[in-house]
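One structure below.
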Amino acid sequence: MTHPADTHPVIRVHGARENNLKGIDVEIPKRRLTVFTGVSGSGKSSLVFGTIAAESRRLIDETYSTFVQGFMPTLPRPEVDVLEGLTTAILVDQERMGSNPRSTLGTVTDANAMLRTLFSRLGKPYIGGATAFSFNIPTTTVGGASVTESGKKNVIKQQVYLGGMCPMCEGRGTVSDLDLSQIIDESKSLEDGAILVPGYTADGWMVAPYKTQVPSDRPIAELTAKQRDDLLHAEPRKVKVEKINVTYEGLIPKIRKSMFSKDPDSLQPHIKRFVEAAAVFDTCSACGGTRLNVSARSSTIGGRHIGEACALQVTDLAAWLRTLDEPSVAPLLEKLLHLLDSFVEIGLGYLSLDRPSGTLSGGEAQRTKMVRHLGSALTDVTYVFDEPTIGLHPHDVARMNQLLGQLRDNGNTVLVVEHKPETIAIADHVVDMGPGAGTAGGEVVYEGDLAGLRGSDTHTGRHLSYRASLKDTVRTASGALEVRGADTHNLRSVDVDIPLGVLTVLTGVAGSGKSSLISGSVAGRDGVVTVDQAPIKGSRRSNPATYTGLLEPIRKAFAKANGVKPALFSANSEGACPTCRGSGVIVTEFSFTDTVSTPCEDCGGKRYQAEVLDLRLAGLNIAEVLALPVADAHAFFAEGEARTPAAATILARLADVGLGYLTLGQPLNTLSGGERQRVRLAMSTGRGSGGQVLVLDEPTVGLHLAEVAQLLALLDRLVDDGMSVVVIEHHQAVMAHADWIIDLGPGAGHDGGTVVFEGTPTDLVADRSTLTGEHLARYVGTED
């Protein structure tokens with residue numbers, strides 16, 4: 001007889017309408033691996049993250065006491081009629097980890113905590129407990145008196161609490177300084193413009209106080225030591241300038257307060273450029289970059305202190321720990337080794353524990369979060385993954401698939417949003433969204449097993465078995481970008497010529513040195529444009545229309561049609577709703593919990609004043625235009641009453657890079673890494689910059705199988721227009737389409753860092769001497 005508790009085998013969704021979902025119904029089996037696929041913008045994330053995971057979190061929050069809930073943001077209920085069978089959802093997304101300067105790979109995974117305990121037990125000489133090895137805790141001396149409830153007085157005299165923090169860099173490993181050559185020109189006098197700081201003109205008011213205190217007609221290099229110190233480092237004091245009392249302060253402390261202590265992104269562009277040029281970060285001389293004080297570095301195990309252990313590549317650290325034969329700490333060693341082995345299994349064995357967490361890519365950050373859950377004792381949990389194969393070489397995807405299966409086999413429900421056929425192939429259940437993107441999507445077009453998907457007539461079903469073929473002929477290079485002696489990170493004095501005038505693919509396993517080669521030796525050169533997935537900086541009002549310059553011709557078109565000023569149609573200017581100041585939301589910030597955003601009640605989230613919304617162009621107001629997807633907006637501005645060629649051109653470029661589903665007014669901070677990159681790519685393709693070198697970092701991220709062909713066509717057009725395109729990529733379809741391949745390896749970390757192959761894709765497949773060659777041969781179907 002079936003027990004009632006066993007009659008809840010599915011997560012049942014009925015009438016989901018979040019974002020573009022059209023009241024869909026779907027049943028997702030529990031304790032199985034379900035993959036959600038579909039073209040970009042079809043509604044996958046709206047269903048998985050915006051509906052299922054969001055409701056799970058909301059219900060969990062409701063279990064807290066009323067008192068605790070009063071300190072938490074109130075989460076809205078997703079737009080759905082029925083959600084049954086939910087379990088606790090754990091999101092493992094691509095969001096980069098916080099850039100706290102003391103946060104490292106070791107601290108975010110508890111590896112450091114276990115390593116500190118190990119050194120406190122085995123380190124010689126003994127210096128104290130685990131906190132004595134922590135670079136987040138300073139050594140403090142405490143003195144004072146306390147009285148117990150019985151009246152007994154306890155006096156503490158100079159009690160020392162040991163911490164491992166380096167006092168000079170405060171546990172950061174680096175110290176900041178200013179490049180004086182960017183601030184003053186020693187060969188000039190104040191009257192000749194010796195101060196190079198923006199706004200400090202020779203005859204301006206900012207420089208006037210300094211002229212009263214040091215000789216203004218003498219070159220800085222000829223000033224006495226006292227005069228120089230007074231100019232640069234003087235303490236604040238009152239002086240008279242043209243009979244007016246002003247505060248005089250040394251130039252260095254003054255600009256530190258006014259420029260260098262502020263968020264660079266809040267500064268004006270010319271000041272930001274100055275700050276970035278003048279700020280210098282050097283390795284701390286006191287700790288050598290280990291972040292630790294002398295005491296923490298004095299205690300060693302086998303001649304190695306904890307800072308040196310954290311600097312080892314994870315694979316090397318695990319090998320070293322296995323040489324320790326200490327029964328007294330056997331359980332701790334076993335747990336630490338299990339954690340380090342998980343790093344290796346998930347393809348992160350090339351990292352070190354002292355790697356700052358803010359420098360991890362989106363894919364690395366997601367896999368780091370995954371490590372936390374691999375050994376979890378929890379079961380019947382719903383794990384939600386957002387494209388976990390991002391940044392992984394085909395060789396590493398197989399290992400990722402094994403780990404996803406392991407989570408499922410532990411009795412958990414695993415939901416994966418993914419495009420890679422290799423991951424779709426291991427699914428127990430597939431939900432295919434579509435048929436199109438944006439308003440053309442939001443429906444379940446297929447639900448069932450893999451065999452049924454292959455036989456379906458959906459975009460995914462038709463392209464699941466698609467294999468790009470090798471080119472019959474490849475382009476001939478018009479020159480070469482020479483790289484000599486590249487040694488950034490794990491690169492081993494690499495010499496390589498990157499051909500110009502062709503499509504070059506740079507590939508290799510994760511951690512082999514691809515990004516190091518580009519960032520250290522290619523990016524920053526004249527004529528090189530790098531388009532990566534880094535967050536686009538901007539305010540809450542920033543969106544694709546403002547970032548691409550699209551809003552400017554749209555505003556002018558509205559102004560001309562209505563006989564008013566263009567500024568009325570700017571949410572940052574005269575037309576903005578006065579209540580929310582054009583942001584569309586009211587933001588409430590708490591010091592103790594998440595920031596809460598609620599739609600503005602006056603404008604209903606439309607961002608504009610009511611009077612502005614009465615003004616129309618071809619029947620639409622400005623808010624309605626910003627709510628249009630790129631594809632619809634292109635049709636709107638390409639012809640008819642609203643015809644605006646400048647806007648149509650920008651919209652066509654956005655559509656070309658696969659962003660036809662994106663709405664013009666969608667906040668930039670809600671875009672994925674792949675979407676951000678494609679927005680930048682759209683801008684780069686419109687510069688008419690023939691002869692430039694365009695570098696792309698995994699442009700296939702977030703692209704459906706059907707959209708990869710569209711990307712390849714775009715890359716071909718760029719090369720044919722005279723650009724040299726270099727793509728860091730793992731997707732075999734892009735490799736097969738390349739004119740030239742540079743393969744780095746053979747492994748990751750110190751096992752990589754060399755060029756293992758240079759040549760055409762056909763030669764790589766024929767050679768088959770590298771992991772990339774093996775997988776590409778299998779992909780194009782030429783393996784023996």
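Starting from 1 in every chain, residues are counted up; chains themselves are A, B, ... following the order of the structure tokens, and ligands are numbered from 1 as listed.
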
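Close contacts of Ser342 in chain A, defined as residues with an atom at most 9 Å away when counting only C-alpha atoms, with chain neighbours fewer than 6 positions off set aside, comprise Leu348, Gly349, Val371, Leu374 and Gly375 of chain A.
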
Based on the selection just made, write all heavy atoms of those residues as a PDB file, in the first residue's frame.
```pdb
ATOM      1  N   LEU A 348      38.451  23.059 -10.702  1.00  0.00           N
ATOM      2  CA  LEU A 348      39.073  24.257 -10.122  1.00  0.00           C
ATOM      3  C   LEU A 348      40.385  23.932  -9.413  1.00  0.00           C
ATOM      4  O   LEU A 348      40.857  24.707  -8.591  1.00  0.00           O
ATOM      5  CB  LEU A 348      38.113  24.923  -9.126  1.00  0.00           C
ATOM      6  CG  LEU A 348      36.813  25.493  -9.705  1.00  0.00           C
ATOM      7  CD1 LEU A 348      35.952  26.080  -8.587  1.00  0.00           C
ATOM      8  CD2 LEU A 348      37.098  26.566 -10.748  1.00  0.00           C
ATOM      9  N   GLY A 349      40.969  22.797  -9.752  1.00  0.00           N
ATOM     10  CA  GLY A 349      42.202  22.392  -9.087  1.00  0.00           C
ATOM     11  C   GLY A 349      43.380  23.290  -9.378  1.00  0.00           C
ATOM     12  O   GLY A 349      44.398  23.233  -8.698  1.00  0.00           O
ATOM     13  N   VAL A 371      30.860  23.657  -4.762  1.00  0.00           N
ATOM     14  CA  VAL A 371      31.725  22.877  -3.877  1.00  0.00           C
ATOM     15  C   VAL A 371      31.135  22.808  -2.478  1.00  0.00           C
ATOM     16  O   VAL A 371      31.233  21.795  -1.780  1.00  0.00           O
ATOM     17  CB  VAL A 371      33.145  23.491  -3.847  1.00  0.00           C
ATOM     18  CG1 VAL A 371      33.961  22.913  -2.710  1.00  0.00           C
ATOM     19  CG2 VAL A 371      33.846  23.241  -5.168  1.00  0.00           C
ATOM     20  N   LEU A 374      28.548  19.837  -2.242  1.00  0.00           N
ATOM     21  CA  LEU A 374      28.818  18.469  -2.647  1.00  0.00           C
ATOM     22  C   LEU A 374      28.846  17.504  -1.467  1.00  0.00           C
ATOM     23  O   LEU A 374      28.381  16.373  -1.572  1.00  0.00           O
ATOM     24  CB  LEU A 374      30.154  18.403  -3.409  1.00  0.00           C
ATOM     25  CG  LEU A 374      30.132  19.031  -4.798  1.00  0.00           C
ATOM     26  CD1 LEU A 374      31.510  19.016  -5.402  1.00  0.00           C
ATOM     27  CD2 LEU A 374      29.161  18.297  -5.690  1.00  0.00           C
ATOM     28  N   GLY A 375      29.370  17.939  -0.344  1.00  0.00           N
ATOM     29  CA  GLY A 375      29.444  17.055   0.817  1.00  0.00           C
ATOM     30  C   GLY A 375      28.355  17.316   1.831  1.00  0.00           C
ATOM     31  O   GLY A 375      28.439  16.860   2.975  1.00  0.00           O
TER      32      GLY A 375
END
```

Could you pull out all residues of range 222-442 of chain A with a DSSP call of strand (DSSP E) and give them as a ChimeraX atom specification? /A:237-241,244-248,279-283,382-386,413-417,429-434

Could you tell me which of A:Ile195, A:Val695, A:Val719, A:Ala318 comes closest to Leu336 in chain A if we count only C-alpha atoms? A:Ala318

Can you tell me which residues surround Asp409 in chain A at a distance of at most 10 Å, considering only C-alpha atoms, apart from same-chain residues fewer than 5 positions away, and format the answer as a list in words? Arg31, Arg32, Leu33, Thr379, Leu403, Leu404 and Val414 of chain A

Store the residues of this selection in a file with N, CA, C and O atoms, as an mmCIF file, in the first residue's frame.
```
data_model
loop_
_atom_site.group_PDB
_atom_site.id
_atom_site.type_symbol
_atom_site.label_atom_id
_atom_site.label_comp_id
_atom_site.auth_asym_id
_atom_site.auth_seq_id
_atom_site.Cartn_x
_atom_site.Cartn_y
_atom_site.Cartn_z
ATOM 1 N N ARG A 31 13.497 14.656 -7.015
ATOM 2 C CA ARG A 31 14.627 13.740 -6.908
ATOM 3 C C ARG A 31 15.092 13.238 -8.279
ATOM 4 O O ARG A 31 15.502 12.098 -8.450
ATOM 5 N N ARG A 32 14.979 14.108 -9.247
ATOM 6 C CA ARG A 32 15.444 13.831 -10.598
ATOM 7 C C ARG A 32 16.190 15.064 -11.117
ATOM 8 O O ARG A 32 16.085 16.153 -10.558
ATOM 9 N N LEU A 33 16.908 14.873 -12.217
ATOM 10 C CA LEU A 33 17.647 15.969 -12.855
ATOM 11 C C LEU A 33 16.819 16.479 -14.033
ATOM 12 O O LEU A 33 16.599 15.763 -15.014
ATOM 13 N N THR A 379 19.277 16.509 2.351
ATOM 14 C CA THR A 379 18.656 15.761 1.273
ATOM 15 C C THR A 379 17.266 16.317 1.027
ATOM 16 O O THR A 379 16.755 17.109 1.820
ATOM 17 N N LEU A 403 28.937 15.450 -11.378
ATOM 18 C CA LEU A 403 28.633 16.086 -10.094
ATOM 19 C C LEU A 403 27.149 16.415 -9.982
ATOM 20 O O LEU A 403 26.556 16.308 -8.914
ATOM 21 N N LEU A 404 26.540 16.856 -11.090
ATOM 22 C CA LEU A 404 25.104 17.107 -11.081
ATOM 23 C C LEU A 404 24.350 15.813 -10.786
ATOM 24 O O LEU A 404 23.386 15.794 -10.007
ATOM 25 N N VAL A 414 17.269 18.416 -8.818
ATOM 26 C CA VAL A 414 18.252 19.286 -9.471
ATOM 27 C C VAL A 414 17.606 19.912 -10.707
ATOM 28 O O VAL A 414 17.176 19.201 -11.612
#
```

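Among the candidates A:Leu122, A:Met165, A:Leu392, A:Ile220, the residue lying nearest to Glu191 in chain A is A:Ile220 (atoms considered: only C-alpha atoms).
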
For the atom pair CA of Met370 in chain A and CA of Thr109 in chain A, what is the interatomic distance in Å to one decimal place? 9.9 Å

Need to verify the contact set: Leu232 in chain A, 10 Å, only C-alpha atoms, exclusion of same-chain residues closer than 3 positions in sequence. Can you return it as a PDB file with all heavy atoms, in the first residue's frame?
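Output below, filename around-v3.pdb:
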```pdb
ATOM      1  N   LEU A 180      53.675  59.645  -7.666  1.00  0.00           N
ATOM      2  CA  LEU A 180      53.885  61.090  -7.602  1.00  0.00           C
ATOM      3  C   LEU A 180      54.112  61.709  -8.979  1.00  0.00           C
ATOM      4  O   LEU A 180      53.768  62.869  -9.207  1.00  0.00           O
ATOM      5  CB  LEU A 180      55.078  61.397  -6.688  1.00  0.00           C
ATOM      6  CG  LEU A 180      55.123  62.799  -6.078  1.00  0.00           C
ATOM      7  CD1 LEU A 180      53.866  63.080  -5.273  1.00  0.00           C
ATOM      8  CD2 LEU A 180      56.364  62.977  -5.229  1.00  0.00           C
ATOM      9  N   ILE A 184      52.503  65.512  -9.830  1.00  0.00           N
ATOM     10  CA  ILE A 184      53.251  66.759 -10.044  1.00  0.00           C
ATOM     11  C   ILE A 184      54.344  66.537 -11.087  1.00  0.00           C
ATOM     12  O   ILE A 184      54.875  65.435 -11.216  1.00  0.00           O
ATOM     13  CB  ILE A 184      53.885  67.306  -8.736  1.00  0.00           C
ATOM     14  CG1 ILE A 184      54.822  66.271  -8.110  1.00  0.00           C
ATOM     15  CG2 ILE A 184      52.830  67.757  -7.751  1.00  0.00           C
ATOM     16  CD1 ILE A 184      55.638  66.810  -6.953  1.00  0.00           C
ATOM     17  N   TYR A 210      48.618  77.257  -2.446  1.00  0.00           N
ATOM     18  CA  TYR A 210      49.977  76.711  -2.456  1.00  0.00           C
ATOM     19  C   TYR A 210      50.996  77.774  -2.868  1.00  0.00           C
ATOM     20  O   TYR A 210      52.146  77.764  -2.408  1.00  0.00           O
ATOM     21  CB  TYR A 210      50.045  75.500  -3.402  1.00  0.00           C
ATOM     22  CG  TYR A 210      49.141  74.369  -2.968  1.00  0.00           C
ATOM     23  CD1 TYR A 210      47.925  74.141  -3.607  1.00  0.00           C
ATOM     24  CD2 TYR A 210      49.494  73.548  -1.897  1.00  0.00           C
ATOM     25  CE1 TYR A 210      47.080  73.117  -3.191  1.00  0.00           C
ATOM     26  CE2 TYR A 210      48.662  72.521  -1.479  1.00  0.00           C
ATOM     27  CZ  TYR A 210      47.453  72.315  -2.124  1.00  0.00           C
ATOM     28  OH  TYR A 210      46.622  71.310  -1.702  1.00  0.00           O
ATOM     29  N   GLN A 227      60.064  72.884   2.213  1.00  0.00           N
ATOM     30  CA  GLN A 227      59.059  73.444   1.293  1.00  0.00           C
ATOM     31  C   GLN A 227      58.305  72.329   0.562  1.00  0.00           C
ATOM     32  O   GLN A 227      57.087  72.390   0.391  1.00  0.00           O
ATOM     33  CB  GLN A 227      59.743  74.370   0.282  1.00  0.00           C
ATOM     34  CG  GLN A 227      60.251  75.665   0.879  1.00  0.00           C
ATOM     35  CD  GLN A 227      61.138  76.433  -0.084  1.00  0.00           C
ATOM     36  OE1 GLN A 227      61.701  75.859  -1.030  1.00  0.00           O
ATOM     37  NE2 GLN A 227      61.287  77.739   0.148  1.00  0.00           N
ATOM     38  N   ARG A 228      59.040  71.313   0.159  1.00  0.00           N
ATOM     39  CA  ARG A 228      58.422  70.191  -0.554  1.00  0.00           C
ATOM     40  C   ARG A 228      57.440  69.458   0.361  1.00  0.00           C
ATOM     41  O   ARG A 228      56.330  69.112  -0.067  1.00  0.00           O
ATOM     42  CB  ARG A 228      59.523  69.240  -1.039  1.00  0.00           C
ATOM     43  CG  ARG A 228      59.015  68.082  -1.871  1.00  0.00           C
ATOM     44  CD  ARG A 228      60.178  67.134  -2.188  1.00  0.00           C
ATOM     45  NE  ARG A 228      59.738  66.001  -2.963  1.00  0.00           N
ATOM     46  CZ  ARG A 228      59.600  65.986  -4.272  1.00  0.00           C
ATOM     47  NH1 ARG A 228      59.879  67.077  -4.972  1.00  0.00           N
ATOM     48  NH2 ARG A 228      59.190  64.914  -4.905  1.00  0.00           N
ATOM     49  N   ASP A 229      57.845  69.240   1.603  1.00  0.00           N
ATOM     50  CA  ASP A 229      56.974  68.565   2.553  1.00  0.00           C
ATOM     51  C   ASP A 229      55.735  69.406   2.833  1.00  0.00           C
ATOM     52  O   ASP A 229      54.634  68.874   2.979  1.00  0.00           O
ATOM     53  CB  ASP A 229      57.734  68.279   3.861  1.00  0.00           C
ATOM     54  CG  ASP A 229      56.902  67.470   4.834  1.00  0.00           C
ATOM     55  OD1 ASP A 229      56.665  66.281   4.566  1.00  0.00           O
ATOM     56  OD2 ASP A 229      56.457  68.044   5.858  1.00  0.00           O
ATOM     57  N   GLU A 235      49.827  69.541   7.379  1.00  0.00           N
ATOM     58  CA  GLU A 235      48.584  69.378   8.134  1.00  0.00           C
ATOM     59  C   GLU A 235      47.676  70.570   7.849  1.00  0.00           C
ATOM     60  O   GLU A 235      48.153  71.672   7.528  1.00  0.00           O
ATOM     61  CB  GLU A 235      48.896  69.313   9.630  1.00  0.00           C
ATOM     62  CG  GLU A 235      49.681  68.083  10.063  1.00  0.00           C
ATOM     63  CD  GLU A 235      48.844  66.821   9.964  1.00  0.00           C
ATOM     64  OE1 GLU A 235      47.610  66.917  10.149  1.00  0.00           O
ATOM     65  OE2 GLU A 235      49.411  65.747   9.704  1.00  0.00           O
ATOM     66  N   GLU A 249      46.013  72.752   3.077  1.00  0.00           N
ATOM     67  CA  GLU A 249      46.340  71.358   3.401  1.00  0.00           C
ATOM     68  C   GLU A 249      47.246  70.819   2.320  1.00  0.00           C
ATOM     69  O   GLU A 249      47.137  71.191   1.140  1.00  0.00           O
ATOM     70  CB  GLU A 249      45.062  70.525   3.486  1.00  0.00           C
ATOM     71  CG  GLU A 249      45.293  69.086   3.939  1.00  0.00           C
ATOM     72  CD  GLU A 249      43.981  68.306   4.096  1.00  0.00           C
ATOM     73  OE1 GLU A 249      42.948  68.779   3.587  1.00  0.00           O
ATOM     74  OE2 GLU A 249      43.998  67.232   4.714  1.00  0.00           O
ATOM     75  N   GLY A 250      48.172  69.943   2.689  1.00  0.00           N
ATOM     76  CA  GLY A 250      49.083  69.344   1.724  1.00  0.00           C
ATOM     77  C   GLY A 250      48.328  68.700   0.566  1.00  0.00           C
ATOM     78  O   GLY A 250      47.217  68.185   0.725  1.00  0.00           O
ATOM     79  N   LEU A 251      48.934  68.726  -0.628  1.00  0.00           N
ATOM     80  CA  LEU A 251      48.264  68.247  -1.827  1.00  0.00           C
ATOM     81  C   LEU A 251      47.863  66.772  -1.725  1.00  0.00           C
ATOM     82  O   LEU A 251      46.758  66.383  -2.119  1.00  0.00           O
ATOM     83  CB  LEU A 251      49.187  68.463  -3.040  1.00  0.00           C
ATOM     84  CG  LEU A 251      48.639  68.047  -4.402  1.00  0.00           C
ATOM     85  CD1 LEU A 251      47.397  68.852  -4.744  1.00  0.00           C
ATOM     86  CD2 LEU A 251      49.717  68.212  -5.476  1.00  0.00           C
ATOM     87  N   ILE A 252      48.753  65.936  -1.180  1.00  0.00           N
ATOM     88  CA  ILE A 252      48.484  64.489  -1.119  1.00  0.00           C
ATOM     89  C   ILE A 252      47.273  64.181  -0.232  1.00  0.00           C
ATOM     90  O   ILE A 252      46.328  63.513  -0.683  1.00  0.00           O
ATOM     91  CB  ILE A 252      49.731  63.716  -0.659  1.00  0.00           C
ATOM     92  CG1 ILE A 252      50.888  63.915  -1.640  1.00  0.00           C
ATOM     93  CG2 ILE A 252      49.405  62.235  -0.487  1.00  0.00           C
ATOM     94  CD1 ILE A 252      50.602  63.441  -3.041  1.00  0.00           C
ATOM     95  N   PRO A 253      47.242  64.617   1.034  1.00  0.00           N
ATOM     96  CA  PRO A 253      46.045  64.316   1.836  1.00  0.00           C
ATOM     97  C   PRO A 253      44.774  64.948   1.273  1.00  0.00           C
ATOM     98  O   PRO A 253      43.685  64.403   1.410  1.00  0.00           O
ATOM     99  CB  PRO A 253      46.384  64.875   3.219  1.00  0.00           C
ATOM    100  CG  PRO A 253      47.500  65.836   3.015  1.00  0.00           C
ATOM    101  CD  PRO A 253      48.264  65.306   1.845  1.00  0.00           C
ATOM    102  N   LYS A 254      44.924  66.097   0.604  1.00  0.00           N
ATOM    103  CA  LYS A 254      43.744  66.766   0.061  1.00  0.00           C
ATOM    104  C   LYS A 254      43.110  65.956  -1.066  1.00  0.00           C
ATOM    105  O   LYS A 254      41.893  65.754  -1.101  1.00  0.00           O
ATOM    106  CB  LYS A 254      44.120  68.167  -0.448  1.00  0.00           C
ATOM    107  CG  LYS A 254      42.914  68.996  -0.871  1.00  0.00           C
ATOM    108  CD  LYS A 254      43.310  70.428  -1.150  1.00  0.00           C
ATOM    109  CE  LYS A 254      42.080  71.276  -1.484  1.00  0.00           C
ATOM    110  NZ  LYS A 254      42.433  72.687  -1.706  1.00  0.00           N
TER     111      LYS A 254
END
```

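The shell of residues at most 7 Å from range 281-289 of chain A, with only C-alpha atoms counted and near chain neighbours (fewer than 5 positions) removed, consists of A:Cys166, A:Met168, A:Cys169, A:Gly173, A:Thr174, A:Val175, A:Ser176, A:Asp177.
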
Residue neighbourhood range 267-280 of chain A, 9 Å, only C-alpha atoms, exclusion window fewer than 4 positions, as a compact mmCIF listing (two decimals) with N, CA, C and O atoms, in the first residue's frame:
```txt
# COMPACT_ATOMS: atom_id res chain seq x y z
N VAL A 175 49.41 47.05 -0.47
CA VAL A 175 49.31 48.39 0.11
C VAL A 175 49.15 49.37 -1.05
O VAL A 175 49.72 49.19 -2.13
N SER A 176 48.36 50.40 -0.82
CA SER A 176 48.11 51.38 -1.88
C SER A 176 49.03 52.58 -1.70
O SER A 176 49.34 52.99 -0.59
N ASP A 177 49.47 53.13 -2.79
CA ASP A 177 50.31 54.31 -2.78
C ASP A 177 49.95 55.15 -3.99
O ASP A 177 49.16 54.74 -4.84
N LEU A 178 50.51 56.35 -4.04
CA LEU A 178 50.25 57.24 -5.16
C LEU A 178 51.52 57.41 -5.98
O LEU A 178 52.61 57.55 -5.44
N ASP A 179 51.35 57.39 -7.30
CA ASP A 179 52.46 57.62 -8.22
C ASP A 179 52.64 59.13 -8.34
O ASP A 179 51.87 59.82 -9.01
N LEU A 180 53.67 59.65 -7.67
CA LEU A 180 53.89 61.09 -7.60
C LEU A 180 54.11 61.71 -8.98
O LEU A 180 53.77 62.87 -9.21
N SER A 181 54.66 60.91 -9.92
CA SER A 181 54.92 61.46 -11.25
C SER A 181 53.63 61.78 -12.00
O SER A 181 53.63 62.56 -12.95
N GLN A 182 52.51 61.17 -11.58
CA GLN A 182 51.22 61.46 -12.19
C GLN A 182 50.53 62.66 -11.53
O GLN A 182 49.51 63.15 -12.02
N ILE A 183 51.10 63.13 -10.40
CA ILE A 183 50.46 64.19 -9.61
C ILE A 183 51.17 65.53 -9.80
O ILE A 183 50.53 66.57 -9.93
N VAL A 197 46.93 67.46 -11.29
CA VAL A 197 45.63 66.98 -10.86
C VAL A 197 44.53 67.72 -11.61
O VAL A 197 44.59 68.95 -11.75
N PRO A 198 43.50 67.02 -12.14
CA PRO A 198 42.40 67.71 -12.83
C PRO A 198 41.77 68.79 -11.97
O PRO A 198 41.49 68.58 -10.79
N GLY A 199 41.58 69.98 -12.56
CA GLY A 199 40.97 71.09 -11.82
C GLY A 199 41.97 72.02 -11.17
O GLY A 199 41.63 73.14 -10.76
N MET A 259 39.32 62.69 -3.91
CA MET A 259 39.26 61.84 -5.10
C MET A 259 39.47 60.36 -4.81
O MET A 259 38.68 59.51 -5.22
N PHE A 260 40.52 60.02 -4.08
CA PHE A 260 40.91 58.62 -3.94
C PHE A 260 40.10 57.86 -2.91
O PHE A 260 40.15 56.63 -2.87
N LYS A 262 36.85 58.01 -2.79
CA LYS A 262 35.51 57.84 -3.35
C LYS A 262 35.46 56.65 -4.31
O LYS A 262 36.49 56.20 -4.81
N ASP A 263 34.25 56.17 -4.53
CA ASP A 263 34.04 55.11 -5.51
C ASP A 263 34.41 55.64 -6.89
O ASP A 263 33.85 56.64 -7.35
```

Counting only C-alpha atoms, the option among A:Glu443, A:Asp751, A:Asp656, A:Asp472 closest to Glu707 in chain A: A:Asp656

If you run DSSP on the backbone, which residues of range 185-350 of chain A are helix (DSSP H, G or I), as a ChimeraX atom specification? /A:208-213,220-222,225-233,251-260,264-266,269-278,294-298,306-311,314-321,327-345

Would you mind listing what lies within 9 Å of range 10-13 of chain A as a short mmCIF file (atom, residue, chain, number, x, y, z; two decimals) with N, CA, C and O atoms, in the first residue's frame, with only C-alpha atoms counted and same-chain residues fewer than 5 positions away left out?
```
data_model
loop_
_atom_site.label_atom_id
_atom_site.label_comp_id
_atom_site.auth_asym_id
_atom_site.auth_seq_id
_atom_site.Cartn_x
_atom_site.Cartn_y
_atom_site.Cartn_z
N ILE A 24 1.50 29.20 -17.87
CA ILE A 24 1.89 27.83 -18.21
C ILE A 24 1.66 26.86 -17.05
O ILE A 24 1.68 27.24 -15.88
N ASP A 25 1.45 25.60 -17.40
CA ASP A 25 1.31 24.50 -16.44
C ASP A 25 2.45 23.51 -16.71
O ASP A 25 2.71 23.16 -17.87
N VAL A 26 3.10 23.06 -15.64
CA VAL A 26 4.20 22.10 -15.81
C VAL A 26 4.35 21.30 -14.52
O VAL A 26 4.11 21.81 -13.42
N GLU A 27 4.71 20.03 -14.66
CA GLU A 27 4.98 19.16 -13.52
C GLU A 27 6.42 18.69 -13.60
O GLU A 27 6.83 18.08 -14.60
N ILE A 28 7.20 18.98 -12.54
CA ILE A 28 8.63 18.68 -12.52
C ILE A 28 8.87 17.55 -11.53
O ILE A 28 8.53 17.68 -10.35
N PRO A 29 9.42 16.41 -11.97
CA PRO A 29 9.63 15.29 -11.05
C PRO A 29 10.66 15.62 -9.97
O PRO A 29 11.69 16.22 -10.25
N LYS A 30 10.35 15.21 -8.75
CA LYS A 30 11.29 15.41 -7.65
C LYS A 30 12.37 14.33 -7.66
O LYS A 30 12.18 13.24 -8.19
N ARG A 31 13.50 14.66 -7.02
CA ARG A 31 14.63 13.74 -6.91
C ARG A 31 15.09 13.24 -8.28
O ARG A 31 15.50 12.10 -8.45
N THR A 51 9.92 32.08 -10.47
CA THR A 51 8.68 31.47 -9.95
C THR A 51 8.99 30.43 -8.88
O THR A 51 8.64 30.60 -7.70
N ILE A 52 9.65 29.32 -9.26
CA ILE A 52 9.86 28.21 -8.33
C ILE A 52 10.79 28.60 -7.18
O ILE A 52 10.45 28.49 -6.00
N VAL A 80 1.56 33.36 -10.09
CA VAL A 80 1.26 31.97 -10.39
C VAL A 80 0.02 31.56 -9.60
O VAL A 80 -0.19 32.02 -8.47
N ASP A 81 -0.82 30.72 -10.20
CA ASP A 81 -2.05 30.31 -9.53
C ASP A 81 -1.78 29.25 -8.47
O ASP A 81 -2.27 29.35 -7.34
N VAL A 82 -1.02 28.21 -8.81
CA VAL A 82 -0.77 27.11 -7.88
C VAL A 82 0.69 26.69 -7.96
O VAL A 82 1.26 26.55 -9.05
N LEU A 83 1.31 26.52 -6.79
CA LEU A 83 2.67 25.95 -6.70
C LEU A 83 2.63 24.93 -5.58
O LEU A 83 2.46 25.28 -4.41
N GLU A 84 2.77 23.66 -5.92
CA GLU A 84 2.69 22.60 -4.92
C GLU A 84 3.93 21.72 -4.98
O GLU A 84 4.55 21.56 -6.03
N GLY A 85 4.26 21.14 -3.83
CA GLY A 85 5.37 20.20 -3.77
C GLY A 85 6.74 20.83 -3.70
O GLY A 85 7.75 20.17 -3.96
N LEU A 86 6.82 22.12 -3.35
CA LEU A 86 8.11 22.80 -3.26
C LEU A 86 8.95 22.26 -2.11
O LEU A 86 8.43 21.87 -1.07
N THR A 87 10.24 22.24 -2.30
CA THR A 87 11.17 21.98 -1.21
C THR A 87 12.13 23.17 -1.13
O THR A 87 12.11 24.06 -1.98
#
```
